[in-house]
Amino acid sequence: MSKYEPSGLARAAYVAASNGLALGNNGSGGSSNYSSSYNSYGNPNGGTGGGPPSAGYAAYGGGPKSAAASEASGGRKGRDSRYSVAALWSMAAENDVEVDDELTKAQRKLREIKLKISSQSKRNFVLERDVRYLDSRIALLIQNRMALSEQQEVASRLEEVETGEGYIRDDRRRQLYANLFYLLQSEPRHVAGLARIVSLSEIDPLLQTVMFTLFGNQYETREEYLLLSMFQNVLAADFESATDFGSLMRANTPVSRMMTTYTRRGPGQSYLKNVLSERVNKLIELQDLDLEINPLKVYEQMVKDIEDTTGSSSGLPRSVTPDVATANADVQAIIAPRVKTLMEIGTLFLQTIMTSLEQVPYGIRWICKQIRSLTKRKYPQATEYQICSLIGGFFMLRFVNPAIVTPQAYMLIEATAQKNPRRTLTLLAKLLQNLANKPSYAKEPYMAVLAPFIDRHKPQFNKFLNDLCEVGDFSEALEMEQYIALSKKEIELNITLNEIHNTQGLLVQHMDILCPDEESHLRILLSELGQAPAQVPRADNKTVSLQLFSRWDQTTNINSPSAAGADKLTHGDFLYMDTKAIFVQILRIAPGLAAQRPVALVKVAEFACTSRDPTLVRKGLKVRDMLMELETLGLVQASDGHKHMVEEILQELTHLGNLKENVNTEITSLEAVYKTIQDHNDYLRSQLESYKAYLYNVRNQSGLSTKTTHKMVAPIKFTHQKLEQEGLIVESNIPENRRANIFFSISSPNPGAYLIALCFKGREKPILEMDLKLDDLLEKQQLGVETLDVEYVTLSVSRTITLLNKSFNKK
């Protein structure tokens, strides 16, 4: 008989038991208590349900009730029985890579889409950062007030660079980085401390690393829990350092930026699209509905309308004060019905948000819970009104309202909202924000007319905010995930060189604050690494793969759990659970054996031993010996057909069968999330294309282009079909039977000037010629004009700019 070698999971279980985790109570008969709570982030209900998302933590039977097990089961008095050493084996079975059945295939597909969402979210974050930078610089560029060197910096931000795969040549340094990032990931307090002391100019690169790399797998429970643990540290410290109630969560700080970025991850984006998209789209269809209630603007528009209608002066004074505009009887008559309509629309939006409670991602709700808890602890005398204003400040100001104000950026709508709907959405966001916070109306007194809306809905909205906070904690679920990760030792992190260097540089810079103790693991690693290398150019910023591990791993020297952990678990406990796990693997590979009742474990082992699959043979030989050893120890009985173990194995298989359905449901949900994130990427790329056009136009017209003369490019020809497929032609009046013979010839005689000719095959002269100026197109786009009429066809403005830019404005 071969000697039993405990699995990696058994070693991790020893650490768990040594830390006080109960073995798991199977009662006197060894029956399992299945309480699956599959509730992960991508499910149709949003992954809440009042408790932390999980992949089915249950108190699967704990095997034989040995004396040691009896002692262990009381290790944590009153602890939820879902979290036990026995449950570790079942959690591992849910993601068993050694089995290739329908569940495994579904889980593989699920992992792939999760990784695609995470990597695409990271690319979007980088693009958003570039767009923000360019937004701040483009005005100077247009006004020709930007130096050549700064124009080149802008140009570099517009270059798309595929990072590609790289590597760190120095093996010792690579191991140190693997150690460092394992420590940062598994002990989030270090990142939390860093986030609080970096400057605003340093936060974006750190956010990229933290949100989209270190904890970037947005649908992986362990990483999500660790990220929320980091927020717990950050918020606690933020509240502790607050000098007065009014300063809490108000300023634009690195911490507030971090919280806003968290809401932009996949689960948050999915919630906003699912909940708000229909309402927002209905509103933007009402292009003629003007709900402006600012008296000054209403007065100005009223004067203009009178003069446009009569063709003569209105006789009303111009440039009046807000008080004069407000006192005007005609202005009051215009505003009154608009206020009523605005409140009606606001009520519809509010009802939509409040009925979506169960769809709000767990992480968002958990942060709301922390805000409430920390506020009560710091300010025991705070009223419910004050506490809800802080919760609402996060939920509305940083999460919901940005999507209402800029729905296209959140992929809630496809078309650009016109002027009136845009203003209505802005007013709605102000109205809902005033509902969430205590309104003063000092900056915008005209909003005071909406006070009845606030008075009417404040009580029920406060109840909604409190209900948001009613979610379970995740500390024990995180502990279980950590033990699972400890058993696998296969935590991989894909990270760019600049992310590594930037993070190291910030840690070294603030080392004396973050880890003053010379014996601190973080300080030891930073001291051995030394100073951070300089940032590399964008083209050289390759992605490297780090296999994360800890040199302080507790399981490294555990060769015999029975000897090391006899006070908590016996050798038989580990043997029993490892044996059961292997039988589950074999029956998943050969499900027909489980259908034969009663299930005979000896026959299952023999089937594996005589298989043609070498891996299955090894499992069969191993489990046969393990079963015999359990019989020798008196922990199972052959006389009753190993009854208790068979029951637990069949219950495990039933749970895994149910899990497959849930996994397939989650795949469907996440595919929709991925499409939304891809759409957002397309939107961001279109923004960059516009900036490229601006840059090219200004640099050429200012004479600062790197090219001294405009190089004529031969006319480029496009068929009608091609432009229609690319979305440039939005509408065509050309008869369908003639479109195959139509083509467009586009040339650029001068920088920023284009000649578009509509031609018919076989004819020498074009049917139509039209001059286009890039400036005009850019201005149309800036004003939200989406189409351009060219007599026979209607063109998309944004796609026309993109085509011209790609065809003529190359470096």
# chains A, B, ... in the order shown; residues from 1 in each chain; ligands from 1
>>> residues_around(residues="Glu128 of chain A", least_positions_apart="6", cutoff="12 Å", atoms="only C-alpha atoms", output="list of chain:residue names")
A:Ser121, A:Lys122, A:Leu134, A:Asp135, A:Arg157, A:Leu158, A:Asp204, A:Gln208, A:Thr261, A:Arg264, A:Ala409, A:Tyr410, A:His680, A:Asn681, A:Asp682, A:Tyr683, A:Leu684, A:Arg685, A:Ser686, A:Gln687, A:Leu688
>>> select_by_dssp(residues="segment 226-277 of chain A", states="alpha helix (DSSP H)", output="PyMOL selection string")
chain A and resi 226-241+254-263+266-277
>>> closest_residue(among="A:Tyr271, A:Tyr182, A:Tyr576, A:Phe239", to="Glu358 of chain A", atoms="only C-alpha atoms")
A:Tyr271
>>> closest_residue(among="A:Ser201, A:Thr383, A:Thr352, A:Thr341", to="Val275 of chain A", atoms="only C-alpha atoms")
A:Thr352
>>> residues_around(residues="Arg422 of chain A", least_positions_apart="3", cutoff="9 Å", atoms="only C-alpha atoms", output="number ranges by chain")
A: 284, 405-406, 417-419, 425-427
>>> write_last_selection(atoms="C-alpha atoms", output="PDB file, in the first residue's frame")
ATOM      1  CA  ILE A 284     -33.664  61.780 -25.247  1.00  0.00           C
ATOM      2  CA  VAL A 405     -25.512  63.514 -17.040  1.00  0.00           C
ATOM      3  CA  THR A 406     -23.284  61.786 -19.630  1.00  0.00           C
ATOM      4  CA  ALA A 417     -28.333  63.581 -26.860  1.00  0.00           C
ATOM      5  CA  GLN A 418     -29.525  66.876 -28.354  1.00  0.00           C
ATOM      6  CA  LYS A 419     -29.525  70.209 -26.523  1.00  0.00           C
ATOM      7  CA  LEU A 425     -30.795  65.176 -17.832  1.00  0.00           C
ATOM      8  CA  THR A 426     -28.554  67.717 -16.089  1.00  0.00           C
ATOM      9  CA  LEU A 427     -31.523  69.202 -14.216  1.00  0.00           C
TER      10      LEU A 427
END
>>> residues_around(residues="Ser319 of chain A", least_positions_apart="6", cutoff="10 Å", atoms="only C-alpha atoms", output="ChimeraX atom specification")
/A:296,299-300,325
>>> write_last_selection(atoms="all heavy atoms", output="PDB file, in the first residue's frame")
ATOM      1  N   LEU A 296     -33.082  83.254 -15.882  1.00  0.00           N
ATOM      2  CA  LEU A 296     -32.241  84.070 -16.762  1.00  0.00           C
ATOM      3  C   LEU A 296     -32.207  83.481 -18.169  1.00  0.00           C
ATOM      4  O   LEU A 296     -32.366  84.199 -19.167  1.00  0.00           O
ATOM      5  CB  LEU A 296     -30.833  84.171 -16.173  1.00  0.00           C
ATOM      6  CG  LEU A 296     -29.996  85.388 -16.588  1.00  0.00           C
ATOM      7  CD1 LEU A 296     -30.735  86.688 -16.308  1.00  0.00           C
ATOM      8  CD2 LEU A 296     -28.652  85.356 -15.866  1.00  0.00           C
ATOM      9  N   TYR A 299     -35.668  83.788 -19.788  1.00  0.00           N
ATOM     10  CA  TYR A 299     -35.902  85.173 -20.222  1.00  0.00           C
ATOM     11  C   TYR A 299     -35.190  85.448 -21.550  1.00  0.00           C
ATOM     12  O   TYR A 299     -35.793  85.991 -22.489  1.00  0.00           O
ATOM     13  CB  TYR A 299     -35.395  86.135 -19.142  1.00  0.00           C
ATOM     14  CG  TYR A 299     -35.589  87.600 -19.473  1.00  0.00           C
ATOM     15  CD1 TYR A 299     -36.760  88.272 -19.119  1.00  0.00           C
ATOM     16  CD2 TYR A 299     -34.596  88.314 -20.151  1.00  0.00           C
ATOM     17  CE1 TYR A 299     -36.931  89.621 -19.429  1.00  0.00           C
ATOM     18  CE2 TYR A 299     -34.756  89.648 -20.468  1.00  0.00           C
ATOM     19  CZ  TYR A 299     -35.931  90.307 -20.107  1.00  0.00           C
ATOM     20  OH  TYR A 299     -36.091  91.630 -20.420  1.00  0.00           O
ATOM     21  N   GLU A 300     -33.935  85.060 -21.642  1.00  0.00           N
ATOM     22  CA  GLU A 300     -33.148  85.304 -22.866  1.00  0.00           C
ATOM     23  C   GLU A 300     -33.769  84.593 -24.063  1.00  0.00           C
ATOM     24  O   GLU A 300     -33.848  85.153 -25.165  1.00  0.00           O
ATOM     25  CB  GLU A 300     -31.704  84.848 -22.657  1.00  0.00           C
ATOM     26  CG  GLU A 300     -30.922  85.725 -21.673  1.00  0.00           C
ATOM     27  CD  GLU A 300     -29.579  85.122 -21.300  1.00  0.00           C
ATOM     28  OE1 GLU A 300     -29.309  83.972 -21.718  1.00  0.00           O
ATOM     29  OE2 GLU A 300     -28.796  85.787 -20.590  1.00  0.00           O
ATOM     30  N   ALA A 325     -35.298  88.772 -14.068  1.00  0.00           N
ATOM     31  CA  ALA A 325     -35.841  87.680 -14.887  1.00  0.00           C
ATOM     32  C   ALA A 325     -36.856  86.866 -14.092  1.00  0.00           C
ATOM     33  O   ALA A 325     -37.924  86.489 -14.599  1.00  0.00           O
ATOM     34  CB  ALA A 325     -34.709  86.789 -15.387  1.00  0.00           C
TER      35      ALA A 325
END
>>> residues_around(residues="segment 187-191 of chain A", least_positions_apart="6", cutoff="8 Å", atoms="only C-alpha atoms", output="PyMOL selection string")
chain A and resi 210+226-227+229-230+233+514
>>> closest_residue(among="A:Lys622, A:Ser118, A:Asn179, A:Asp775", to="Gln547 of chain A", atoms="only C-alpha atoms")
A:Asn179
>>> closest_residue(among="A:Tyr177, A:Tyr691, A:Tyr362, A:Phe718", to="Leu525 of chain A", atoms="only C-alpha atoms")
A:Tyr177
>>> residues_around(residues="Ala429 of chain A", least_positions_apart="2", cutoff="10 Å", atoms="only C-alpha atoms", output="PyMOL selection string")
chain A and resi 346+349+396-397+400-405+423-427+431-435
>>> write_last_selection(atoms="N, CA and C atoms", output="compact mmCIF listing (two decimals), in the first residue's frame")
# COMPACT_ATOMS: atom_id res chain seq x y z
N GLY A 346 -38.77 63.22 -12.74
CA GLY A 346 -37.90 62.88 -11.60
C GLY A 346 -38.48 61.74 -10.78
N PHE A 349 -37.82 58.42 -12.63
CA PHE A 349 -36.43 58.01 -12.46
C PHE A 349 -36.18 57.48 -11.05
N MET A 396 -25.31 58.43 -5.20
CA MET A 396 -25.83 59.25 -6.28
C MET A 396 -24.74 60.06 -6.97
N LEU A 397 -23.98 60.83 -6.19
CA LEU A 397 -23.00 61.74 -6.78
C LEU A 397 -21.89 61.01 -7.52
N VAL A 400 -24.49 57.03 -9.63
CA VAL A 400 -25.64 57.10 -10.54
C VAL A 400 -25.66 58.37 -11.39
N ASN A 401 -25.45 59.52 -10.76
CA ASN A 401 -25.62 60.79 -11.48
C ASN A 401 -24.68 60.99 -12.67
N PRO A 402 -23.40 60.59 -12.58
CA PRO A 402 -22.55 60.76 -13.77
C PRO A 402 -23.12 60.06 -15.00
N ALA A 403 -23.78 58.91 -14.80
CA ALA A 403 -24.36 58.19 -15.93
C ALA A 403 -25.58 58.93 -16.48
N ILE A 404 -26.32 59.62 -15.62
CA ILE A 404 -27.48 60.39 -16.09
C ILE A 404 -27.04 61.62 -16.87
N VAL A 405 -26.00 62.29 -16.39
CA VAL A 405 -25.51 63.51 -17.04
C VAL A 405 -24.81 63.21 -18.36
N ARG A 423 -29.95 69.08 -21.37
CA ARG A 423 -30.21 69.99 -20.26
C ARG A 423 -31.20 69.35 -19.26
N THR A 424 -32.20 68.63 -19.77
CA THR A 424 -33.15 67.96 -18.89
C THR A 424 -32.45 66.94 -18.01
N LEU A 425 -31.54 66.17 -18.60
CA LEU A 425 -30.80 65.18 -17.83
C LEU A 425 -29.95 65.84 -16.75
N THR A 426 -29.35 66.98 -17.08
CA THR A 426 -28.55 67.72 -16.09
C THR A 426 -29.43 68.19 -14.94
N LEU A 427 -30.60 68.74 -15.26
CA LEU A 427 -31.52 69.20 -14.22
C LEU A 427 -32.02 68.03 -13.35
N LEU A 431 -31.62 67.51 -9.39
CA LEU A 431 -32.78 67.25 -8.55
C LEU A 431 -32.55 66.03 -7.66
N LEU A 432 -32.03 64.95 -8.25
CA LEU A 432 -31.79 63.72 -7.49
C LEU A 432 -30.66 63.90 -6.49
N GLN A 433 -29.67 64.73 -6.85
CA GLN A 433 -28.58 64.99 -5.92
C GLN A 433 -29.08 65.79 -4.71
N ASN A 434 -29.95 66.75 -4.97
CA ASN A 434 -30.54 67.52 -3.87
C ASN A 434 -31.38 66.62 -2.96
N LEU A 435 -31.98 65.60 -3.55
CA LEU A 435 -32.73 64.64 -2.75
C LEU A 435 -31.79 63.83 -1.86
>>> select_by_dssp(residues="segment 565-805 of chain A", states="strand (DSSP E or B)", output="MDAnalysis selection string")
chainID A and resid 716:719 729:732 742:750 753:760 768:773 787:790 793:796
>>> atom_distance(atom1="atom CA of Leu650 of chain A", atom2="atom CA of Lys109 of chain A")
25.5 Å
>>> residues_around(residues="Gly641 of chain A", least_positions_apart="2", cutoff="10 Å", atoms="only C-alpha atoms", output="MDAnalysis selection string")
chainID A and resid 598:602 636:639 643:646
>>> write_last_selection(atoms="C-alpha atoms", output="PDB file, in the first residue's frame")
ATOM      1  CA  PRO A 598     -26.046   1.569  -4.900  1.00  0.00           C
ATOM      2  CA  VAL A 599     -22.757   3.266  -5.788  1.00  0.00           C
ATOM      3  CA  ALA A 600     -19.906   0.870  -4.965  1.00  0.00           C
ATOM      4  CA  LEU A 601     -16.718   2.814  -4.237  1.00  0.00           C
ATOM      5  CA  VAL A 602     -14.529  -0.288  -4.692  1.00  0.00           C
ATOM      6  CA  VAL A 636     -15.455   3.901   7.021  1.00  0.00           C
ATOM      7  CA  GLN A 637     -16.974   0.410   6.918  1.00  0.00           C
ATOM      8  CA  ALA A 638     -16.967  -1.870   3.899  1.00  0.00           C
ATOM      9  CA  SER A 639     -19.774  -3.858   5.539  1.00  0.00           C
ATOM     10  CA  LYS A 643     -22.631   4.416   3.331  1.00  0.00           C
ATOM     11  CA  HIS A 644     -21.798   7.820   4.849  1.00  0.00           C
ATOM     12  CA  MET A 645     -19.065   8.643   2.330  1.00  0.00           C
ATOM     13  CA  VAL A 646     -21.281   7.591  -0.600  1.00  0.00           C
TER      14      VAL A 646
END
